[in-house]
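Everything below belongs to query-v5.tsv, which stores TSV, C-alpha atoms.
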```tsv
chain	number	residue	atom	x	y	z
A	1	MET	CA	98.99	53.14	139.95
A	2	SER	CA	101.78	52.57	142.48
A	3	SER	CA	102.34	54.98	145.37
A	4	SER	CA	105.64	56.07	143.80
A	5	GLY	CA	103.80	56.76	140.52
A	6	SER	CA	101.21	58.86	142.35
A	7	VAL	CA	103.92	60.91	144.04
A	8	LEU	CA	105.65	61.47	140.69
A	9	LEU	CA	102.39	62.57	139.02
A	10	SER	CA	101.61	64.96	141.87
A	11	LEU	CA	105.12	66.40	141.65
A	12	CYS	CA	104.79	66.92	137.90
A	13	LEU	CA	101.44	68.67	138.33
A	14	ALA	CA	102.81	70.91	141.04
A	15	VAL	CA	105.82	71.90	138.94
A	16	SER	CA	103.71	72.57	135.84
A	17	ALA	CA	101.28	74.69	137.84
A	18	ALA	CA	104.15	76.83	139.10
A	19	LEU	CA	105.54	77.49	135.62
A	20	PRO	CA	104.34	80.58	133.70
A	21	LEU	CA	102.08	79.84	130.76
A	22	SER	CA	104.09	79.97	127.54
A	23	PRO	CA	103.07	82.54	124.91
A	24	ALA	CA	101.96	79.74	122.61
A	25	HIS	CA	99.27	78.79	125.13
A	26	ALA	CA	98.11	82.30	125.98
A	27	GLN	CA	94.67	83.13	124.65
A	28	ASP	CA	94.69	85.02	121.34
A	29	ILE	CA	93.47	88.60	121.26
A	30	VAL	CA	91.10	88.91	118.31
A	31	LEU	CA	90.70	92.18	116.40
A	32	GLY	CA	87.63	92.34	114.18
A	33	ALA	CA	86.88	94.41	111.09
A	34	SER	CA	84.68	94.63	108.02
A	35	VAL	CA	86.48	95.96	104.95
A	36	GLN	CA	85.66	96.57	101.29
A	37	LEU	CA	87.38	93.69	99.50
A	38	THR	CA	84.96	93.61	96.56
A	39	GLY	CA	82.72	96.24	94.98
A	40	PRO	CA	83.57	99.80	93.89
A	41	LEU	CA	85.60	100.64	97.03
A	42	ALA	CA	87.77	97.51	96.98
A	43	ASN	CA	90.81	99.21	95.47
A	44	THR	CA	91.20	101.31	98.60
A	45	GLY	CA	89.72	98.75	100.97
A	46	ARG	CA	92.60	96.38	100.27
A	47	TYR	CA	95.01	98.86	101.88
A	48	TYR	CA	93.31	98.24	105.22
A	49	ARG	CA	93.17	94.46	104.91
A	50	ASP	CA	96.84	94.34	103.95
A	51	ALA	CA	97.95	96.90	106.55
A	52	TYR	CA	96.06	95.15	109.34
A	53	GLN	CA	97.58	91.78	108.41
A	54	ILE	CA	101.21	92.87	108.03
A	55	THR	CA	101.05	94.73	111.34
A	56	VAL	CA	99.45	91.82	113.19
A	57	ASP	CA	102.12	89.52	111.76
A	58	LYS	CA	104.93	91.90	112.72
A	59	ILE	CA	103.71	92.30	116.29
A	60	ASN	CA	103.26	88.54	116.68
A	61	ALA	CA	106.78	87.94	115.34
A	62	ALA	CA	108.09	90.33	117.99
A	63	GLY	CA	106.41	88.33	120.76
A	64	GLY	CA	102.85	89.57	120.64
A	65	VAL	CA	100.97	91.75	123.11
A	66	LYS	CA	102.37	91.88	126.64
A	67	ILE	CA	99.62	91.99	129.26
A	68	GLY	CA	100.21	91.25	132.92
A	69	GLY	CA	103.55	89.63	132.25
A	70	GLN	CA	102.06	87.29	129.67
A	71	ALA	CA	102.45	87.37	125.90
A	72	HIS	CA	99.34	87.05	123.72
A	73	LYS	CA	99.22	86.55	119.99
A	74	LEU	CA	97.01	88.78	117.87
A	75	ALA	CA	94.44	87.30	115.52
A	76	LEU	CA	92.47	89.09	112.80
A	77	LYS	CA	88.81	88.34	112.07
A	78	LEU	CA	87.97	90.05	108.79
A	79	TYR	CA	84.80	90.20	106.70
A	80	ASP	CA	84.22	91.53	103.18
A	81	ASN	CA	81.36	94.05	103.27
A	82	GLN	CA	81.27	94.12	99.45
A	83	SER	CA	81.19	97.95	99.56
A	84	ASP	CA	77.69	97.72	101.08
A	85	VAL	CA	77.24	99.85	104.20
A	86	ASN	CA	74.22	97.90	105.43
A	87	LEU	CA	76.12	94.63	105.19
A	88	SER	CA	79.02	96.25	107.02
A	89	VAL	CA	76.77	97.16	109.96
A	90	ARG	CA	75.47	93.60	110.14
A	91	GLN	CA	79.01	92.22	110.05
A	92	TYR	CA	80.21	94.47	112.88
A	93	THR	CA	77.21	93.35	114.90
A	94	GLN	CA	78.16	89.73	114.19
A	95	LEU	CA	81.77	90.37	115.17
A	96	LEU	CA	80.66	91.53	118.62
A	97	THR	CA	77.63	89.35	119.33
A	98	GLN	CA	78.61	86.03	117.72
A	99	ASP	CA	82.35	86.05	117.07
A	100	LYS	CA	83.04	87.78	120.41
A	101	VAL	CA	86.10	89.63	119.13
A	102	ASN	CA	87.98	91.66	121.72
A	103	LEU	CA	88.31	95.00	119.93
A	104	LEU	CA	87.48	96.59	116.58
A	105	LEU	CA	89.37	98.01	113.61
A	106	GLY	CA	87.53	100.14	111.10
A	107	PRO	CA	86.32	100.00	107.51
A	108	PHE	CA	87.24	102.38	104.71
A	109	ALA	CA	85.15	105.50	103.94
A	110	SER	CA	83.36	107.95	106.18
A	111	ASN	CA	79.80	106.81	105.53
A	112	PHE	CA	80.83	103.30	106.61
A	113	ALA	CA	82.62	104.61	109.69
A	114	ILE	CA	79.57	106.66	110.69
A	115	ALA	CA	77.27	103.65	110.52
A	116	ASP	CA	79.67	101.07	111.93
A	117	SER	CA	80.79	103.20	114.87
A	118	ALA	CA	77.18	103.21	116.07
A	119	VAL	CA	77.61	99.46	116.59
A	120	SER	CA	80.82	99.88	118.59
A	121	GLU	CA	79.12	102.58	120.68
A	122	LYS	CA	76.06	100.42	121.33
A	123	TYR	CA	78.14	97.50	122.59
A	124	ARG	CA	80.79	99.73	124.21
A	125	VAL	CA	83.73	98.17	122.43
A	126	PRO	CA	86.39	100.57	121.10
A	127	MET	CA	86.91	100.95	117.38
A	128	VAL	CA	90.10	102.54	116.08
A	129	GLN	CA	89.66	103.36	112.43
A	130	GLY	CA	91.85	105.05	109.85
A	131	GLY	CA	89.43	105.04	106.92
A	132	GLY	CA	86.92	107.76	107.76
A	133	ALA	CA	87.72	111.45	108.19
A	134	SER	CA	84.31	113.13	108.08
A	135	ASP	CA	83.77	115.56	110.94
A	136	GLN	CA	80.32	114.00	111.35
A	137	ILE	CA	81.88	110.78	112.72
A	138	PHE	CA	83.24	112.68	115.69
A	139	SER	CA	80.47	115.22	116.29
A	140	ARG	CA	78.06	112.85	118.06
A	141	ASN	CA	79.77	112.73	121.46
A	142	PHE	CA	80.51	109.02	121.02
A	143	LYS	CA	83.03	107.60	123.49
A	144	TYR	CA	84.19	104.43	121.69
A	145	ILE	CA	85.26	105.69	118.26
A	146	PHE	CA	88.81	106.88	117.56
A	147	GLY	CA	90.18	107.98	114.18
A	148	THR	CA	93.66	108.38	112.76
A	149	LEU	CA	92.78	110.47	109.70
A	150	ALA	CA	92.89	114.26	109.94
A	151	PRO	CA	89.54	116.12	109.88
A	152	ALA	CA	87.98	116.22	106.42
A	153	SER	CA	87.18	119.90	106.93
A	154	ASN	CA	90.91	120.68	106.82
A	155	TYR	CA	91.97	118.45	103.91
A	156	PHE	CA	92.51	121.40	101.58
A	157	GLY	CA	93.99	123.61	104.32
A	158	SER	CA	97.64	123.27	103.27
A	159	THR	CA	96.70	123.54	99.58
A	160	ILE	CA	94.86	126.83	100.09
A	161	ASP	CA	97.75	128.16	102.16
A	162	MET	CA	100.09	127.29	99.29
A	163	LEU	CA	97.97	129.23	96.78
A	164	ALA	CA	98.98	132.55	98.32
A	165	HIS	CA	102.61	131.85	97.47
A	166	LEU	CA	102.13	130.93	93.80
A	167	LYS	CA	102.97	133.26	90.89
A	168	PRO	CA	100.80	134.39	89.21
A	169	ALA	CA	98.47	134.37	92.21
A	170	PRO	CA	95.17	132.61	91.44
A	171	LYS	CA	92.04	134.72	91.89
A	172	THR	CA	89.07	132.43	91.22
A	173	ALA	CA	88.21	128.94	92.41
A	174	ALA	CA	85.75	126.15	91.69
A	175	LEU	CA	84.76	123.80	94.51
A	176	LEU	CA	83.30	120.47	93.40
A	177	TYR	CA	82.34	117.72	95.83
A	178	ALA	CA	80.44	114.43	95.98
A	179	ASP	CA	77.33	114.19	98.12
A	180	ASP	CA	78.65	111.73	100.73
A	181	SER	CA	79.56	112.63	104.31
A	182	PHE	CA	83.31	112.93	103.80
A	183	ASP	CA	83.16	115.16	100.75
A	184	VAL	CA	80.44	117.39	102.22
A	185	SER	CA	82.67	117.86	105.29
A	186	VAL	CA	85.57	118.74	103.01
A	187	ALA	CA	83.48	121.34	101.19
A	188	ASN	CA	82.11	122.85	104.40
A	189	GLY	CA	85.64	123.34	105.71
A	190	THR	CA	87.11	124.50	102.39
A	191	ARG	CA	84.55	127.20	101.59
A	192	PRO	CA	85.51	129.62	104.40
A	193	LYS	CA	89.22	128.94	103.88
A	194	LEU	CA	88.98	129.98	100.21
A	195	LYS	CA	87.15	133.16	101.17
A	196	SER	CA	89.69	133.97	103.89
A	197	ALA	CA	92.47	133.50	101.34
A	198	GLY	CA	90.82	136.10	99.11
A	199	LEU	CA	89.74	133.77	96.33
A	200	GLN	CA	86.41	134.26	94.62
A	201	ILE	CA	84.38	131.05	94.53
A	202	VAL	CA	82.79	131.16	91.08
A	203	MET	CA	81.54	127.56	91.22
A	204	ASP	CA	80.29	125.64	94.25
A	205	GLU	CA	78.81	122.42	92.92
A	206	ARG	CA	77.70	119.17	94.57
A	207	TYR	CA	77.53	116.06	92.39
A	208	SER	CA	76.23	112.53	92.94
A	209	THR	CA	78.58	109.95	94.40
A	210	ASN	CA	79.87	107.57	91.72
A	211	ALA	CA	79.12	110.15	89.01
A	212	SER	CA	80.82	109.33	85.73
A	213	ASP	CA	79.91	112.37	83.59
A	214	PHE	CA	81.65	115.66	84.42
A	215	ASN	CA	81.28	117.27	80.99
A	216	THR	CA	78.75	119.89	82.12
A	217	LEU	CA	80.85	120.95	85.11
A	218	LEU	CA	84.02	121.01	83.02
A	219	SER	CA	82.34	123.16	80.37
A	220	GLN	CA	81.43	125.66	83.09
A	221	ILE	CA	85.00	125.67	84.40
A	222	LYS	CA	86.22	126.42	80.88
A	223	SER	CA	83.67	129.16	80.16
A	224	LYS	CA	84.34	130.88	83.50
A	225	ASN	CA	88.11	130.59	82.99
A	226	VAL	CA	88.56	129.31	86.56
A	227	ASP	CA	92.08	129.51	87.98
A	228	VAL	CA	91.92	126.78	90.67
A	229	VAL	CA	89.71	123.69	90.73
A	230	LEU	CA	89.39	121.74	93.98
A	231	VAL	CA	87.60	118.39	93.79
A	232	ALA	CA	86.53	116.25	96.74
A	233	GLY	CA	85.51	112.82	95.52
A	234	HIS	CA	86.38	109.17	95.09
A	235	GLU	CA	89.22	107.80	93.00
A	236	THR	CA	87.06	106.55	90.11
A	237	GLU	CA	85.34	109.94	89.94
A	238	ILE	CA	88.67	111.75	89.85
A	239	LEU	CA	89.93	109.49	87.07
A	240	ASN	CA	86.84	110.29	84.99
A	241	PHE	CA	87.23	113.99	85.76
A	242	VAL	CA	90.83	114.13	84.51
A	243	ARG	CA	90.12	112.08	81.37
A	244	GLN	CA	87.17	114.26	80.45
A	245	ALA	CA	89.14	117.43	81.23
A	246	LYS	CA	91.66	116.32	78.64
A	247	SER	CA	89.02	115.48	76.05
A	248	LEU	CA	87.42	118.93	76.51
A	249	ALA	CA	90.80	120.69	76.69
A	250	VAL	CA	90.01	122.12	80.14
A	251	ALA	CA	93.24	123.20	81.84
A	252	PRO	CA	92.93	125.56	84.81
A	253	LYS	CA	96.09	126.91	86.38
A	254	LEU	CA	95.84	124.22	89.06
A	255	TYR	CA	93.63	121.36	90.07
A	256	SER	CA	93.82	119.41	93.31
A	257	PHE	CA	92.02	116.28	94.47
A	258	THR	CA	91.33	114.82	97.90
A	259	VAL	CA	92.12	111.29	96.73
A	260	GLY	CA	94.00	109.49	93.99
A	261	VAL	CA	97.17	111.50	93.54
A	262	PRO	CA	99.20	109.67	96.25
A	263	SER	CA	98.10	106.30	94.83
A	264	GLU	CA	100.34	104.32	92.51
A	265	ASP	CA	97.28	102.84	90.79
A	266	PHE	CA	95.87	106.31	90.09
A	267	ARG	CA	99.07	107.45	88.43
A	268	LYS	CA	99.37	104.24	86.43
A	269	ALA	CA	95.76	104.51	85.25
A	270	LEU	CA	96.30	108.03	83.88
A	271	GLY	CA	99.91	107.71	82.75
A	272	LYS	CA	101.27	111.04	81.51
A	273	ASP	CA	97.84	112.62	81.95
A	274	ALA	CA	98.33	112.51	85.72
A	275	ASP	CA	101.14	115.07	85.38
A	276	TYR	CA	100.61	118.40	87.21
A	277	ALA	CA	97.80	117.03	89.41
A	278	PHE	CA	97.96	118.16	93.04
A	279	GLY	CA	96.75	116.19	96.03
A	280	MET	CA	97.47	115.84	99.71
A	281	THR	CA	98.67	113.26	102.19
A	282	ALA	CA	99.01	113.17	105.96
A	283	TRP	CA	101.85	110.66	105.65
A	284	LEU	CA	105.00	110.01	103.67
A	285	PRO	CA	107.37	107.05	104.25
A	286	SER	CA	110.08	108.93	106.11
A	287	ALA	CA	112.89	107.36	108.11
A	288	ASP	CA	112.30	110.18	110.62
A	289	LEU	CA	109.05	108.55	111.76
A	290	LYS	CA	110.37	106.04	114.27
A	291	ASP	CA	108.33	102.98	115.10
A	292	ARG	CA	108.49	100.37	117.83
A	293	TRP	CA	107.80	97.39	115.59
A	294	PHE	CA	108.94	98.27	112.05
A	295	GLY	CA	111.84	100.53	112.98
A	296	ASP	CA	110.59	103.49	110.99
A	297	ALA	CA	108.05	104.42	108.33
A	298	GLN	CA	110.48	103.84	105.48
A	299	GLN	CA	111.13	100.27	106.63
A	300	PHE	CA	107.39	99.74	106.95
A	301	ALA	CA	106.86	100.89	103.36
A	302	GLN	CA	109.63	98.59	102.13
A	303	ALA	CA	108.22	95.59	104.03
A	304	TYR	CA	104.74	96.34	102.68
A	305	ARG	CA	105.98	96.53	99.10
A	306	ALA	CA	107.95	93.30	99.49
A	307	LYS	CA	104.94	91.45	100.91
A	308	TYR	CA	102.16	92.72	98.64
A	309	GLY	CA	103.91	93.84	95.45
A	310	TYR	CA	102.47	97.34	95.26
A	311	ASP	CA	103.27	100.74	96.76
A	312	LEU	CA	101.18	101.89	99.68
A	313	ASP	CA	99.84	105.34	100.50
A	314	TYR	CA	98.60	107.04	103.67
A	315	HIS	CA	95.54	104.75	103.89
A	316	ALA	CA	97.76	101.75	104.64
A	317	ALA	CA	99.92	103.68	107.09
A	318	SER	CA	96.81	104.86	108.90
A	319	GLY	CA	95.48	101.29	109.05
A	320	ALA	CA	98.77	99.97	110.43
A	321	ALA	CA	98.72	102.70	113.07
A	322	ASP	CA	95.23	101.58	114.11
A	323	VAL	CA	96.54	98.12	115.04
A	324	GLU	CA	99.55	99.58	116.85
A	325	THR	CA	97.31	101.99	118.76
A	326	LEU	CA	95.05	99.22	120.05
A	327	VAL	CA	98.09	97.17	121.11
A	328	GLN	CA	99.67	100.14	122.90
A	329	ALA	CA	96.38	100.87	124.68
A	330	MET	CA	95.99	97.24	125.80
A	331	GLU	CA	99.52	97.16	127.15
A	332	ASN	CA	99.04	100.50	128.90
A	333	ALA	CA	95.81	99.22	130.43
A	334	GLY	CA	97.28	95.82	131.29
A	335	SER	CA	93.98	94.42	130.08
A	336	THR	CA	91.77	93.67	127.09
A	337	ASP	CA	88.71	94.93	128.94
A	338	PRO	CA	86.95	97.25	126.44
A	339	LYS	CA	86.27	100.02	128.98
A	340	LYS	CA	89.86	100.02	130.26
A	341	VAL	CA	91.25	100.02	126.73
A	342	ARG	CA	88.89	102.85	125.78
A	343	ASP	CA	90.09	104.95	128.71
A	344	GLU	CA	93.71	104.40	127.69
A	345	LEU	CA	92.94	105.34	124.08
A	346	ALA	CA	91.49	108.64	125.25
A	347	LYS	CA	94.81	109.68	126.79
A	348	ILE	CA	97.29	107.75	124.66
A	349	LYS	CA	100.48	109.38	123.38
A	350	PHE	CA	103.14	107.50	121.48
A	351	ASP	CA	105.17	107.67	118.27
A	352	SER	CA	104.21	105.36	115.41
A	353	LEU	CA	105.17	104.78	111.80
A	354	TYR	CA	102.27	107.09	110.95
A	355	GLY	CA	103.44	109.89	113.22
A	356	PRO	CA	102.57	110.95	116.78
A	357	ILE	CA	99.35	109.34	118.00
A	358	ALA	CA	97.23	111.44	120.36
A	359	PHE	CA	93.48	111.91	120.11
A	360	ALA	CA	91.52	115.09	120.72
A	361	ALA	CA	88.58	115.01	123.13
A	362	ASN	CA	86.26	114.00	120.26
A	363	GLY	CA	88.41	110.97	119.41
A	364	GLN	CA	89.99	112.36	116.24
A	365	ILE	CA	93.64	112.91	115.47
A	366	ASP	CA	94.88	115.98	113.60
A	367	LEU	CA	97.99	115.75	111.44
A	368	PRO	CA	99.04	118.40	108.89
A	369	GLN	CA	98.55	117.58	105.23
A	370	ASP	CA	101.52	117.67	102.87
A	371	VAL	CA	100.69	118.96	99.39
A	372	VAL	CA	101.94	116.52	96.76
A	373	GLN	CA	102.09	116.80	92.98
A	374	VAL	CA	102.64	114.39	90.13
A	375	GLN	CA	105.74	115.59	88.30
A	376	GLY	CA	106.58	113.37	85.37
A	377	ASP	CA	106.76	109.82	86.68
A	378	LYS	CA	107.26	110.87	90.30
A	379	LEU	CA	105.11	111.95	93.23
A	380	VAL	CA	106.75	114.99	94.80
A	381	ALA	CA	105.99	116.58	98.16
A	382	VAL	CA	105.96	120.31	97.38
A	383	TYR	CA	104.46	122.11	100.41
A	384	ASN	CA	104.25	121.07	104.05
A	385	GLY	CA	101.66	123.57	105.24
A	386	LYS	CA	104.28	126.19	106.08
A	387	THR	CA	106.86	126.28	103.33
A	388	PHE	CA	107.76	124.81	99.95
A	389	THR	CA	109.78	121.62	100.12
A	390	ALA	CA	110.15	121.39	96.32
A	391	GLN	CA	109.20	123.57	93.39
A	392	ALA	CA	105.58	123.26	92.34
A	393	LYS	CA	104.92	122.92	88.61
A	394	TYR	CA	102.55	125.84	88.12
A	395	PRO	CA	100.61	127.02	86.23
A	396	MET	CA	99.45	123.86	84.49
A	397	PRO	CA	99.94	124.17	80.71
A	398	ALA	CA	97.22	123.57	78.17
A	399	TRP	CA	96.78	119.91	77.26
A	400	GLY	CA	98.04	120.54	73.73
A	401	ALA	CA	101.17	122.24	75.04
A	402	ARG	CA	102.32	119.31	77.16
A	403	GLN	CA	105.36	117.34	76.10
```

Can you dump the structure from the file as structure tokens?
Amino acid sequence: MSSSGSVLLSLCLAVSAALPLSPAHAQDIVLGASVQLTGPLANTGRYYRDAYQITVDKINAAGGVKIGGQAHKLALKLYDNQSDVNLSVRQYTQLLTQDKVNLLLGPFASNFAIADSAVSEKYRVPMVQGGGASDQIFSRNFKYIFGTLAPASNYFGSTIDMLAHLKPAPKTAALLYADDSFDVSVANGTRPKLKSAGLQIVMDERYSTNASDFNTLLSQIKSKNVDVVLVAGHETEILNFVRQAKSLAVAPKLYSFTVGVPSEDFRKALGKDADYAFGMTAWLPSADLKDRWFGDAQQFAQAYRAKYGYDLDYHAASGAADVETLVQAMENAGSTDPKKVRDELAKIKFDSLYGPIAFAANGQIDLPQDVVQVQGDKLVAVYNGKTFTAQAKYPMPAWGARQ
């Protein structure tokens, strides 16, 4: 090479070294998760896969994650745990020990979150999850688990508060719950609330997860003439419960379910038989919930529907907020270092499409539940924990008296 060529090469190297690295060349930040994409929990698990992906894509389209004056793209490393909790634990271990992901997003369901968060705690890598609400997840003094669902123990809180304002006032209640961690937490929190509200608990029954036969319990509800039936379970269980209630002509004044009612699939599966069912949600797609990336919650819901072809519920909003929370924490920390990100998560406060994000000392968020009801072909928010926002259809008529 000539001396002039050497000078030119040296000059080029010097100039290139002085230029900032373009975002395209910045190292990706990889978020890892194991989600139920097949098996009995896949119908809800898909919310998390889809929410994670649309949020990652949106943040990348807006320039990515800004750390130390440099833009990084997000990448998603996702495994299908096949609705198997043991496989999920192995996959989270693989994400951290072999795939070397930077940070963790969560699975769906409390029993998965309990087991998988033990992996994040062991390796001291933060997990932000919006799929598990059991109080048990956050009662172990773990430092690396953060959750965006309200405590399971308060899921029926707004519903029970609403009961005092209904005419005629209900007097008796049945509490039914599956034997998994989430539903047991729901029952443990609901029991004292019912008693404080002056309702007599005439049935307090625990059933096996994935139960398909509710005929015996429904016969008891009918014979005891129960006013209010509260059921904590999974969507397939609730579908079976409602179908069998119809076949046995069991129609209390009100029934409410922890899951299903906010879901488009649930309402489609039952058709007109979903009418009058109460449920709850910590999130509704309101334009009042402003968001840095999507604009607001309503725009997020519209973008989600356009991309995936189905309506979302609070599970997807919670999952999207998990991604946003990790990004906000990284930017606040100016680092992807797990300990620094964890410390920022512990004190984080920002507004998201899901609502205000701020974790209690145990790592859990607490948002009020809106009571919702299926009214005809619509899902209507009827009570916000303090006051009625629409008229509740109550009492529920007998099955034979429905139009």

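Closest approach to Leu367 in chain A among A:Phe294, A:Trp399, A:Trp283, A:Phe257: A:Trp283, based on all atoms listed in the file.
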
Point to revise | Atom-to-atom span, CA of Val30 in chain A and CA of Tyr48 in chain A, Å | key: 16.2 Å

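Going from CA of Pro397 in chain A to CA of Asp227 in chain A covers 12.0 Å.
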
**Study point:** Ref. answer, residues at most 9 Å from (84.5, 114.8, 107.9) with all atoms listed in the file, as a PyMOL selection string
**Key:** chain A and resi 110+132-138+150-154+181-186+189

Point to revise | Which residue of A:Gln373, A:Ser158, A:Thr389, A:Ser318 approaches Arg267 in chain A most closely, using only C-alpha atoms | key: A:Gln373

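From CA of Thr97 in chain A back to CA of Ala115 in chain A, the distance works out to 16.8 Å.
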
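Nearest to Lys253 in chain A of all the residues A:Pro168, A:Val371, A:Phe266, A:Asp116 is A:Pro168, counting all atoms listed in the file.
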
**Study point:** Residue with smallest distance to Val228 in chain A - pool A:Leu254, A:Leu379, A:Leu41, A:Leu149, counting all atoms listed in the file
**Key:** A:Leu254

Point to revise | Shell of 12 Å around Lys386 in chain A, all atoms listed in the file, local chain residues under 4 positions omitted, as a list in words | key: Gly157, Ser158, Thr159, Ile160, Asp161, Met162, Leu163, Ala164, His165, Pro368, Gln369, Asp370, Val371 and Val382 of chain A

Check your understanding: Near Asn210 in chain A, within 8 Å and counting only C-alpha atoms, which residues show up once chain neighbours fewer than 5 positions away are dropped, as a PyMOL selection string?
Key -> chain A and resi 234+236-237

Point to revise | Spatial neighbours of range 42-44 of chain A, 9 Å, all atoms listed in the file, chain gap at least 4 places, as a ChimeraX atom specification | key: /A:35-38,48,82-83,108,235,265,315-316

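Every protein or nucleic acid residue with an atom no more than 9 Å from Lys349 in chain A, counting all atoms listed in the file and leaving out same-chain residues fewer than 4 positions away, appears here: Leu345, Pro356, Ile357, Ala358 and Phe359 of chain A.
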
Output file for the selection above: C-alpha atoms, as a JSON list (two decimals), keeping the file's coordinate frame:
```json
[["chain", "number", "residue", "atom", "x", "y", "z"],
["A", 345, "LEU", "CA", 92.94, 105.34, 124.08],
["A", 356, "PRO", "CA", 102.57, 110.95, 116.78],
["A", 357, "ILE", "CA", 99.35, 109.34, 118.00],
["A", 358, "ALA", "CA", 97.23, 111.44, 120.36],
["A", 359, "PHE", "CA", 93.48, 111.91, 120.11]]
```

Review point. Near Pro107 in chain A, counting all atoms listed in the file, which residues have an atom at most 7 Å away, once you skip same-chain residues fewer than 2 positions from it, shown as a ChimeraX atom specification?
Key: /A:33-35,109,112-113,129,131

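Proximity ranking of A:Leu248, A:Val242, A:Leu312, A:Ala287 relative to Ala269 in chain A places A:Val242 first, based on all atoms listed in the file.
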
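Among the candidates A:Met127, A:Val380, A:Met396, A:Ala320, the one nearest to Tyr304 in chain A when counting all atoms listed in the file is A:Ala320.
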
Review point. Which protein, DNA or RNA residues have an atom at most 12 Å from (113.5, 99.7, 106.8), counting all atoms listed in the file? List them as a list in words.
Key: Pro285, Ser286, Ala287, Asp288, Leu289, Lys290, Asp291, Trp293, Phe294, Gly295, Asp296, Ala297, Gln298, Gln299, Phe300, Ala301, Gln302, Ala303, Tyr304, Arg305, Ala306 and Leu353 of chain A
